[in-house]
$ cat work.cif   # mmCIF, C-alpha atoms
data_query
loop_
_atom_site.group_PDB
_atom_site.id
_atom_site.type_symbol
_atom_site.label_atom_id
_atom_site.label_comp_id
_atom_site.auth_asym_id
_atom_site.auth_seq_id
_atom_site.Cartn_x
_atom_site.Cartn_y
_atom_site.Cartn_z
ATOM 1 C CA ALA A 222 -74.755 141.559 58.076
ATOM 2 C CA GLN A 223 -71.593 143.470 58.782
ATOM 3 C CA SER A 224 -70.995 147.206 58.995
ATOM 4 C CA VAL A 225 -68.001 149.464 59.496
ATOM 5 C CA THR A 226 -68.037 152.901 61.102
ATOM 6 C CA GLN A 227 -65.205 155.366 60.857
ATOM 7 C CA LEU A 228 -66.089 157.875 63.490
ATOM 8 C CA ASP A 229 -64.289 160.903 62.056
ATOM 9 C CA SER A 230 -64.617 162.157 58.501
ATOM 10 C CA GLN A 231 -61.577 164.414 58.945
ATOM 11 C CA VAL A 232 -58.747 164.468 61.465
ATOM 12 C CA PRO A 233 -56.459 167.533 61.514
ATOM 13 C CA VAL A 234 -53.159 167.087 63.324
ATOM 14 C CA PHE A 235 -49.882 168.974 63.537
ATOM 15 C CA GLU A 236 -46.794 167.524 61.897
ATOM 16 C CA GLU A 237 -44.778 165.253 64.241
ATOM 17 C CA ALA A 238 -47.775 164.825 66.563
ATOM 18 C CA PRO A 239 -49.362 161.402 67.220
ATOM 19 C CA VAL A 240 -52.630 160.433 65.538
ATOM 20 C CA GLU A 241 -55.377 157.868 66.017
ATOM 21 C CA LEU A 242 -57.977 157.105 63.356
ATOM 22 C CA ARG A 243 -60.954 155.250 64.759
ATOM 23 C CA CYS A 244 -62.748 152.264 63.253
ATOM 24 C CA ASN A 245 -65.569 150.236 64.789
ATOM 25 C CA TYR A 246 -67.275 147.271 63.190
ATOM 26 C CA SER A 247 -70.367 145.193 63.713
ATOM 27 C CA SER A 248 -70.481 141.480 62.927
ATOM 28 C CA SER A 249 -72.051 138.333 64.339
ATOM 29 C CA VAL A 250 -69.230 136.166 62.957
ATOM 30 C CA SER A 251 -65.455 136.340 63.123
ATOM 31 C CA VAL A 252 -63.810 138.898 60.869
ATOM 32 C CA TYR A 253 -60.591 139.859 59.208
ATOM 33 C CA LEU A 254 -59.740 143.563 59.378
ATOM 34 C CA PHE A 255 -57.865 145.844 57.005
ATOM 35 C CA TRP A 256 -56.662 149.442 56.787
ATOM 36 C CA TYR A 257 -55.993 150.993 53.387
ATOM 37 C CA VAL A 258 -54.562 154.384 52.410
ATOM 38 C CA GLN A 259 -55.528 156.437 49.364
ATOM 39 C CA TYR A 260 -53.383 159.349 48.206
ATOM 40 C CA PRO A 261 -55.132 161.993 46.058
ATOM 41 C CA ASN A 262 -56.341 160.694 42.678
ATOM 42 C CA GLN A 263 -54.783 157.281 43.219
ATOM 43 C CA GLY A 264 -55.936 153.764 44.002
ATOM 44 C CA LEU A 265 -55.919 152.217 47.464
ATOM 45 C CA GLN A 266 -52.856 150.626 49.056
ATOM 46 C CA LEU A 267 -52.897 148.168 51.930
ATOM 47 C CA LEU A 268 -51.418 149.576 55.167
ATOM 48 C CA LEU A 269 -51.937 146.556 57.415
ATOM 49 C CA LYS A 270 -54.278 143.682 58.174
ATOM 50 C CA TYR A 271 -55.385 141.608 61.153
ATOM 51 C CA LEU A 272 -56.007 137.949 60.437
ATOM 52 C CA SER A 273 -55.316 136.207 63.750
ATOM 53 C CA GLY A 274 -52.778 136.043 66.576
ATOM 54 C CA SER A 275 -51.322 139.171 68.144
ATOM 55 C CA THR A 276 -53.873 141.929 68.426
ATOM 56 C CA LEU A 277 -51.260 144.607 67.712
ATOM 57 C CA VAL A 278 -50.511 144.738 64.020
ATOM 58 C CA LYS A 279 -47.689 146.725 62.463
ATOM 59 C CA GLY A 280 -47.911 148.025 58.921
ATOM 60 C CA ILE A 281 -46.065 150.132 56.417
ATOM 61 C CA ASN A 282 -45.022 153.765 56.872
ATOM 62 C CA GLY A 283 -44.846 153.425 60.682
ATOM 63 C CA PHE A 284 -48.556 152.765 61.189
ATOM 64 C CA GLU A 285 -49.963 150.191 63.605
ATOM 65 C CA ALA A 286 -53.438 149.098 64.646
ATOM 66 C CA GLU A 287 -54.876 147.230 67.595
ATOM 67 C CA PHE A 288 -57.723 144.752 67.338
ATOM 68 C CA ASN A 289 -60.065 144.933 70.327
ATOM 69 C CA LYS A 290 -62.655 142.180 70.104
ATOM 70 C CA SER A 291 -64.656 143.238 73.160
ATOM 71 C CA GLN A 292 -65.019 146.786 71.843
ATOM 72 C CA THR A 293 -65.254 145.660 68.193
ATOM 73 C CA SER A 294 -62.654 148.227 67.240
ATOM 74 C CA PHE A 295 -59.575 148.380 65.038
ATOM 75 C CA HIS A 296 -58.082 151.826 65.553
ATOM 76 C CA LEU A 297 -55.102 152.981 63.470
ATOM 77 C CA ARG A 298 -52.249 154.861 65.135
ATOM 78 C CA LYS A 299 -48.981 156.542 64.275
ATOM 79 C CA PRO A 300 -46.704 158.077 66.942
ATOM 80 C CA SER A 301 -45.445 160.932 64.744
ATOM 81 C CA VAL A 302 -47.030 162.002 61.470
ATOM 82 C CA HIS A 303 -45.350 163.619 58.488
ATOM 83 C CA ILE A 304 -46.710 165.838 55.752
ATOM 84 C CA SER A 305 -46.471 162.846 53.408
ATOM 85 C CA ASP A 306 -49.149 161.053 55.483
ATOM 86 C CA THR A 307 -51.780 163.422 54.119
ATOM 87 C CA ALA A 308 -54.292 161.021 52.564
ATOM 88 C CA GLU A 309 -57.629 159.320 53.094
ATOM 89 C CA TYR A 310 -57.676 156.179 55.201
ATOM 90 C CA PHE A 311 -60.228 153.395 54.868
ATOM 91 C CA CYS A 312 -61.080 150.621 57.301
ATOM 92 C CA ALA A 313 -62.559 147.410 55.857
ATOM 93 C CA VAL A 314 -63.910 144.130 57.188
ATOM 94 C CA SER A 315 -64.056 140.686 55.634
ATOM 95 C CA ALA A 316 -66.397 138.327 57.456
ATOM 96 C CA MET A 317 -66.178 134.550 57.490
ATOM 97 C CA ASP A 318 -69.454 134.314 55.571
ATOM 98 C CA SER A 319 -68.754 137.205 53.206
ATOM 99 C CA ASN A 320 -68.087 135.488 49.876
ATOM 100 C CA TYR A 321 -64.764 137.339 49.557
ATOM 101 C CA GLN A 322 -66.311 140.792 49.694
ATOM 102 C CA LEU A 323 -65.046 143.635 51.826
ATOM 103 C CA ILE A 324 -67.335 145.945 53.792
ATOM 104 C CA TRP A 325 -65.902 149.469 53.751
ATOM 105 C CA GLY A 326 -65.987 152.395 56.102
ATOM 106 C CA ALA A 327 -66.676 155.864 54.695
ATOM 107 C CA GLY A 328 -63.055 156.953 55.096
ATOM 108 C CA THR A 329 -61.161 159.453 57.248
ATOM 109 C CA LYS A 330 -59.165 162.292 55.721
ATOM 110 C CA LEU A 331 -55.941 162.902 57.608
ATOM 111 C CA ILE A 332 -54.930 166.552 57.335
ATOM 112 C CA ILE A 333 -51.409 167.393 58.440
ATOM 113 C CA LYS A 334 -50.877 170.967 59.605
ATOM 114 C CA PRO A 335 -47.328 172.354 59.292
ATOM 115 C CA ASP B 267 -43.918 143.810 38.029
ATOM 116 C CA GLY B 268 -47.353 142.390 38.733
ATOM 117 C CA GLY B 269 -50.248 144.739 39.161
ATOM 118 C CA ILE B 270 -53.535 146.149 37.973
ATOM 119 C CA THR B 271 -53.849 148.687 35.177
ATOM 120 C CA GLN B 272 -56.862 150.838 34.462
ATOM 121 C CA SER B 273 -57.396 152.968 31.400
ATOM 122 C CA PRO B 274 -58.002 155.689 30.633
ATOM 123 C CA LYS B 275 -57.037 157.731 33.690
ATOM 124 C CA TYR B 276 -59.546 160.462 32.757
ATOM 125 C CA LEU B 277 -62.675 159.971 30.653
ATOM 126 C CA PHE B 278 -65.258 162.448 29.501
ATOM 127 C CA ARG B 279 -68.684 161.363 28.367
ATOM 128 C CA LYS B 280 -71.558 163.193 26.780
ATOM 129 C CA GLU B 281 -75.003 162.478 28.123
ATOM 130 C CA GLY B 282 -76.603 159.501 26.377
ATOM 131 C CA GLN B 283 -73.302 157.803 25.525
ATOM 132 C CA ASN B 284 -72.051 154.443 26.726
ATOM 133 C CA VAL B 285 -68.409 154.288 27.779
ATOM 134 C CA THR B 286 -66.187 151.347 28.693
ATOM 135 C CA LEU B 287 -63.522 151.421 31.390
ATOM 136 C CA SER B 288 -60.675 148.961 31.068
ATOM 137 C CA CYS B 289 -59.206 146.871 33.909
ATOM 138 C CA GLU B 290 -56.384 144.375 33.400
ATOM 139 C CA GLN B 291 -54.411 142.391 35.996
ATOM 140 C CA ASN B 292 -51.346 140.156 35.688
ATOM 141 C CA LEU B 293 -51.436 138.879 39.268
ATOM 142 C CA ASN B 294 -53.172 135.630 38.309
ATOM 143 C CA HIS B 295 -55.982 136.562 40.677
ATOM 144 C CA ASP B 296 -59.308 134.809 40.343
ATOM 145 C CA ALA B 297 -61.659 137.489 41.665
ATOM 146 C CA MET B 298 -62.089 140.994 40.308
ATOM 147 C CA TYR B 299 -64.198 143.904 41.509
ATOM 148 C CA TRP B 300 -65.475 147.293 40.356
ATOM 149 C CA TYR B 301 -66.114 150.056 42.879
ATOM 150 C CA ARG B 302 -67.491 153.539 42.555
ATOM 151 C CA GLN B 303 -66.133 156.256 44.826
ATOM 152 C CA ASP B 304 -67.918 159.521 45.540
ATOM 153 C CA PRO B 305 -66.707 162.145 48.036
ATOM 154 C CA GLY B 306 -67.630 161.248 51.603
ATOM 155 C CA GLN B 307 -69.226 157.909 50.656
ATOM 156 C CA GLY B 308 -66.336 155.494 50.691
ATOM 157 C CA LEU B 309 -66.340 152.643 48.184
ATOM 158 C CA ARG B 310 -69.524 151.132 46.806
ATOM 159 C CA LEU B 311 -69.447 147.794 44.999
ATOM 160 C CA ILE B 312 -70.816 147.786 41.447
ATOM 161 C CA TYR B 313 -70.036 144.253 40.190
ATOM 162 C CA TYR B 314 -67.697 141.432 41.071
ATOM 163 C CA SER B 315 -66.528 138.252 39.401
ATOM 164 C CA GLN B 316 -64.977 135.202 41.056
ATOM 165 C CA ILE B 317 -64.339 133.153 37.915
ATOM 166 C CA VAL B 318 -64.259 133.598 34.154
ATOM 167 C CA ASN B 319 -67.666 133.898 32.489
ATOM 168 C CA ASP B 320 -69.420 134.543 35.793
ATOM 169 C CA PHE B 321 -70.177 137.780 37.657
ATOM 170 C CA GLN B 322 -72.588 139.085 40.286
ATOM 171 C CA LYS B 323 -74.240 142.417 40.939
ATOM 172 C CA GLY B 324 -73.025 144.502 43.821
ATOM 173 C CA ASP B 325 -74.901 147.175 45.724
ATOM 174 C CA ILE B 326 -75.231 149.707 42.876
ATOM 175 C CA ALA B 327 -75.274 147.711 39.617
ATOM 176 C CA GLU B 328 -78.099 149.613 37.902
ATOM 177 C CA GLY B 329 -76.862 151.394 34.777
ATOM 178 C CA TYR B 330 -73.638 149.370 34.585
ATOM 179 C CA SER B 331 -72.613 146.176 32.795
ATOM 180 C CA VAL B 332 -69.509 143.959 32.877
ATOM 181 C CA SER B 333 -67.986 140.963 31.139
ATOM 182 C CA ARG B 334 -65.341 138.445 32.201
ATOM 183 C CA GLU B 335 -64.217 136.610 29.092
ATOM 184 C CA LYS B 336 -60.590 136.330 30.238
ATOM 185 C CA LYS B 337 -59.166 135.824 33.719
ATOM 186 C CA GLU B 338 -57.006 138.940 33.474
ATOM 187 C CA SER B 339 -59.643 141.351 32.144
ATOM 188 C CA PHE B 340 -62.833 142.793 33.670
ATOM 189 C CA PRO B 341 -64.131 145.776 31.663
ATOM 190 C CA LEU B 342 -66.946 147.963 32.993
ATOM 191 C CA THR B 343 -69.457 149.673 30.717
ATOM 192 C CA VAL B 344 -71.259 152.724 32.027
ATOM 193 C CA THR B 345 -74.490 152.899 30.084
ATOM 194 C CA SER B 346 -76.767 155.829 29.343
ATOM 195 C CA ALA B 347 -79.149 154.372 31.939
ATOM 196 C CA GLN B 348 -76.757 155.450 34.701
ATOM 197 C CA LYS B 349 -78.183 158.850 35.594
ATOM 198 C CA ASN B 350 -75.275 160.214 37.606
ATOM 199 C CA PRO B 351 -72.094 158.540 36.393
ATOM 200 C CA THR B 352 -69.593 161.262 37.316
ATOM 201 C CA ALA B 353 -67.321 159.559 39.859
ATOM 202 C CA PHE B 354 -63.958 157.890 40.457
ATOM 203 C CA TYR B 355 -63.988 154.214 39.448
ATOM 204 C CA LEU B 356 -61.661 151.675 41.030
ATOM 205 C CA CYS B 357 -60.918 148.140 39.908
ATOM 206 C CA ALA B 358 -59.542 145.569 42.355
ATOM 207 C CA SER B 359 -58.577 141.908 42.408
ATOM 208 C CA THR B 360 -57.854 139.211 44.956
ATOM 209 C CA LEU B 361 -57.015 135.547 45.274
ATOM 210 C CA THR B 362 -60.027 133.471 46.180
ATOM 211 C CA SER B 363 -58.079 130.820 48.004
ATOM 212 C CA GLY B 364 -59.266 132.346 51.268
ATOM 213 C CA ARG B 365 -60.954 135.331 52.780
ATOM 214 C CA ARG B 366 -57.684 136.348 54.424
ATOM 215 C CA ASN B 367 -56.414 137.859 51.196
ATOM 216 C CA GLU B 368 -56.452 141.563 50.718
ATOM 217 C CA GLN B 369 -57.709 143.286 47.578
ATOM 218 C CA PHE B 370 -55.202 144.941 45.246
ATOM 219 C CA PHE B 371 -56.297 148.117 43.510
ATOM 220 C CA GLY B 372 -55.649 149.788 40.204
ATOM 221 C CA PRO B 373 -54.954 153.542 39.927
ATOM 222 C CA GLY B 374 -58.548 154.422 39.046
ATOM 223 C CA THR B 375 -60.440 156.141 36.228
ATOM 224 C CA ARG B 376 -62.121 159.484 36.763
ATOM 225 C CA LEU B 377 -65.273 159.745 34.663
ATOM 226 C CA THR B 378 -66.903 163.097 34.034
ATOM 227 C CA VAL B 379 -70.181 163.640 32.228
ATOM 228 C CA LEU B 380 -70.245 166.816 30.190
#

$ encode --input "work.cif" --output "structure tokens"
Amino acid sequence: AQSVTQLDSQVPVFEEAPVELRCNYSSSVSVYLFWYVQYPNQGLQLLLKYLSGSTLVKGINGFEAEFNKSQTSFHLRKPSVHISDTAEYFCAVSAMDSNYQLIWGAGTKLIIKP
Amino acid sequence: DGGITQSPKYLFRKEGQNVTLSCEQNLNHDAMYWYRQDPGQGLRLIYYSQIVNDFQKGDIAEGYSVSREKKESFPLTVTSAQKNPTAFYLCASTLTSGRRNEQFFGPGTRLTVL
């Protein structure tokens, strides 16, 4: 069975500062990894995904994530955040034996301080 | 534009009533999903369907029912047996041609029990 842990429920950061949102997963088989963003009272939107190849993945809105197989992590980063990045961010895993289901982390709320 | 629509955006239910949430997609996706979202708990899978006329229970199916009579439609009924239905409900879809495909989400329906 797979599991996903997002280590921080909330991350406060000043505007224009860098941010890292942490995601660790557990799986005995190979996985695909995803980060989604949810703005208040809206659905989820895909930020980026790791399928194979380069472990550094670039996504929309200036976000990137790095897949670290040895540490089973897929942390999300942005070098300079803006007030518009205020949202909840979800990490998800799709395992090779998953029957097309995603396993979701509990989410991290990114709070941008002016 | 292709996408997923959910209606209504807000729904109020009296105790003891059944209500049906609509989900329609024009992406020609095979698989569709219903999630429930509560604060601090991430997304929990209620039901999913990979093909027409077939669906499977997710982690929290009790008190819910679904149908999949058409490829583009996957309505969710919240029955009176669901003891705590107040939540944000999200519908998603994905191609089933491979596990590499991300899920696309609708805008959600917020259900409140009065």

$ closest_atom_pairs --input "work.cif" --of "chain A" --to "chain B" --cutoff "6 Å" --atoms "only C-alpha atoms" --output "JSON lines"
{"residue": "A:Gln263", "atom": "CA", "partner": "B:Pro373", "partner_atom": "CA", "distance": 5.0}
{"residue": "A:Gly264", "atom": "CA", "partner": "B:Pro373", "partner_atom": "CA", "distance": 4.2}
{"residue": "A:Leu265", "atom": "CA", "partner": "B:Phe371", "partner_atom": "CA", "distance": 5.7}
{"residue": "A:Tyr321", "atom": "CA", "partner": "B:Arg365", "partner_atom": "CA", "distance": 5.4}
{"residue": "A:Ala327", "atom": "CA", "partner": "B:Gly308", "partner_atom": "CA", "distance": 4.0}
{"residue": "A:Gly328", "atom": "CA", "partner": "B:Gly308", "partner_atom": "CA", "distance": 5.7}

$ residues_near_point --input "work.cif" --point "(-55.7, 136.1, 63.2)" --cutoff "10 Å" --atoms "all atoms listed in the file" --output "list in words"
Ser251, Val252, Tyr253, Leu254, Lys270, Tyr271, Leu272, Ser273, Gly274, Ser275, Thr276 and Phe288 of chain A; Arg366 of chain B

$ closest_residue --input "work.cif" --among "B:Trp300, B:Phe321, B:Phe278, B:Tyr330" --to "Thr343 in chain B" --atoms "only C-alpha atoms"
B:Tyr330

$ residues_around --input "work.cif" --residues "Glu287 in chain A" --least-positions-apart "3" --cutoff "6 Å" --atoms "all atoms listed in the file" --output "short mmCIF file (atom, residue, chain, number, x, y, z; two decimals) with C-alpha atoms, keeping the file's coordinate frame"
data_model
loop_
_atom_site.label_atom_id
_atom_site.label_comp_id
_atom_site.auth_asym_id
_atom_site.auth_seq_id
_atom_site.Cartn_x
_atom_site.Cartn_y
_atom_site.Cartn_z
CA THR A 276 -53.87 141.93 68.43
CA LEU A 277 -51.26 144.61 67.71
CA PHE A 295 -59.58 148.38 65.04
CA HIS A 296 -58.08 151.83 65.55
#

$ atom_distance --input "work.cif" --atom1 "CA of Ser315 in chain B" --atom2 "CA of Gly329 in chain B"
17.3 Å

$ resolve_selection --input "work.cif" --expression "the PyMOL selection byres ((chain A and resi 225) around 12)" --output "PyMOL selection string"
(chain A and resi 222-224+226-228+243-248+252+254-256+293-296+311-316+323-328) or (chain B and resi 308-309)

$ closest_residue --input "work.cif" --among "B:Gln283, B:Ser331, B:Asn319, B:Asn350" --to "Asp296 in chain B" --atoms "all atoms listed in the file"
B:Asn319

$ resolve_selection --input "work.cif" --expression "the PyMOL selection byres ((chain B and resi 281) around 12)" --output "JSON, numbers by chain"
{"B": [278, 279, 280, 282, 283, 284, 285, 344, 345, 346, 347, 348, 349, 350, 351, 352, 378, 379, 380]}

$ axis_aligned_box --input "work.cif" --around "range 290-305 of chain A" --padding-each-side "3 Å" --output "lines of an AutoDock Vina configuration file"
center_x = -55.3
center_y = 154.0
center_z = 63.3
size_x = 25.9
size_y = 29.7
size_z = 25.8

$ residues_around --input "work.cif" --residues "range 333-335 of chain A" --least-positions-apart "3" --cutoff "6 Å" --atoms "all atoms listed in the file" --output "CSV table (one decimal) with C-alpha atoms, keeping the file's coordinate frame"
chain,number,residue,atom,x,y,z
A,233,PRO,CA,-56.5,167.5,61.5
A,234,VAL,CA,-53.2,167.1,63.3
A,235,PHE,CA,-49.9,169.0,63.5
A,236,GLU,CA,-46.8,167.5,61.9
A,304,ILE,CA,-46.7,165.8,55.8
A,307,THR,CA,-51.8,163.4,54.1
